[in-house]
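K.L.:
Pasting in a structure now, in structure tokens, and then I'll have a few things to ask.
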Amino acid sequence: FYSWRNTQKGSWFMQALCNAFDRYGYQLDLLTLLTFVNRQVAIDYESNVPGTVQMHQQKQIPCITSMLTRLVKFERKN
């Protein structure tokens with residue numbers, strides 16, 4: 001399996017995770033944030049390797065596995 005990344009911005013997953021935390025980190029629970037990350041990685045990212053047919057225009061999807069029994073939410077420090 002491959003994990004695609006931008007050499008300057010980092011992996012697609014980490015870019016999407018940082019984006020989700022920046023936008024919704026104090027509003028939504030962790031699993032909802034990770035669901036948003038899955039959607040962003042699946043829809044917004046595609047590999048760009050025109051010289052290698054097998055690697056060009058490939059997609060990626062993260063996999064969430066959870067055994068949480070409660071919502072995990074983040075709060076701002078006062």
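Starting from 1 in every chain, residues are counted up; chains themselves are A, B, ... following the order of the structure tokens, and ligands are numbered from 1 as listed.
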Considering only alpha helix (DSSP H) as DSSP defines it on the backbone, what residues of chain A qualify? List them as a ChimeraX atom specification.
P.N.:
/A:12-24,30-44
K.L.:
Give me, as JSON lines, the closest atom pair and its distance (Å, one decimal) for every residue of range 48-75 of chain A within a cut-off of 10 Å of range 1-9 of chain A, counting only C-alpha atoms, rows sorted by chain and rising number.
P.N.:
```
{"residue": "A:Met55", "atom": "CA", "partner": "A:Tyr2", "partner_atom": "CA", "distance": 9.8}
{"residue": "A:Gln58", "atom": "CA", "partner": "A:Trp4", "partner_atom": "CA", "distance": 9.1}
{"residue": "A:Lys59", "atom": "CA", "partner": "A:Trp4", "partner_atom": "CA", "distance": 8.7}
{"residue": "A:Gln60", "atom": "CA", "partner": "A:Ser3", "partner_atom": "CA", "distance": 7.4}
{"residue": "A:Ile61", "atom": "CA", "partner": "A:Ser3", "partner_atom": "CA", "distance": 9.3}
{"residue": "A:Pro62", "atom": "CA", "partner": "A:Ser3", "partner_atom": "CA", "distance": 9.2}
```
K.L.:
Please produce a file of those selected residues containing C-alpha atoms, as a PDB file, in the first residue's frame.
P.N.:
```pdb
ATOM      1  CA  MET A  55       1.001   5.748 -10.247  1.00  0.00           C
ATOM      2  CA  GLN A  58      -4.405   7.413  -8.066  1.00  0.00           C
ATOM      3  CA  LYS A  59      -6.661   8.009  -5.063  1.00  0.00           C
ATOM      4  CA  GLN A  60      -6.323   7.235  -1.359  1.00  0.00           C
ATOM      5  CA  ILE A  61      -8.757   6.676   1.513  1.00  0.00           C
ATOM      6  CA  PRO A  62      -7.837   6.582   5.218  1.00  0.00           C
TER       7      PRO A  62
END
```
K.L.:
Which of these, A:Gly25, A:Leu31, A:Ala16, A:Gln57, has the shortest distance to Arg70 in chain A once you count only C-alpha atoms?
P.N.:
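When distances to Arg70 in chain A are compared using only C-alpha atoms, the smallest one comes from A:Leu31.
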K.L.:
My list of candidates is A:Asn78, A:Thr65, A:Ser47, A:Ser11. Which is closest to Leu34 in chain A when distances are computed with only C-alpha atoms?
P.N.:
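Closest to Leu34 in chain A, using only C-alpha atoms: A:Thr65.
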K.L.:
Using only C-alpha atoms for the distances, tell me which of A:Glu75, A:Thr69, A:Ile64, A:Val49 is nearest to Thr35 in chain A.
P.N.:
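Among A:Glu75, A:Thr69, A:Ile64, A:Val49, it is A:Ile64 that comes nearest to Thr35 in chain A.
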K.L.:
Which value, in Å to one decimal, gives the distance between CA of Leu30 in chain A and CA of Met67 in chain A?
P.N.:
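For CA of Leu30 in chain A relative to CA of Met67 in chain A, the distance reads 12.4 Å.
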K.L.:
Could you pull the residues within 8 Å of Tyr24 in chain A, counting only C-alpha atoms, minus those fewer than 4 positions along the same chain, as an mmCIF file with C-alpha atoms, in the first residue's frame?
P.N.:
```cif
data_model
loop_
_atom_site.group_PDB
_atom_site.id
_atom_site.type_symbol
_atom_site.label_atom_id
_atom_site.label_comp_id
_atom_site.auth_asym_id
_atom_site.auth_seq_id
_atom_site.Cartn_x
_atom_site.Cartn_y
_atom_site.Cartn_z
ATOM 1 C CA ALA A 20 -10.236 19.683 9.944
ATOM 2 C CA LEU A 28 -17.063 18.652 16.569
ATOM 3 C CA LEU A 33 -13.491 15.192 12.380
#
```
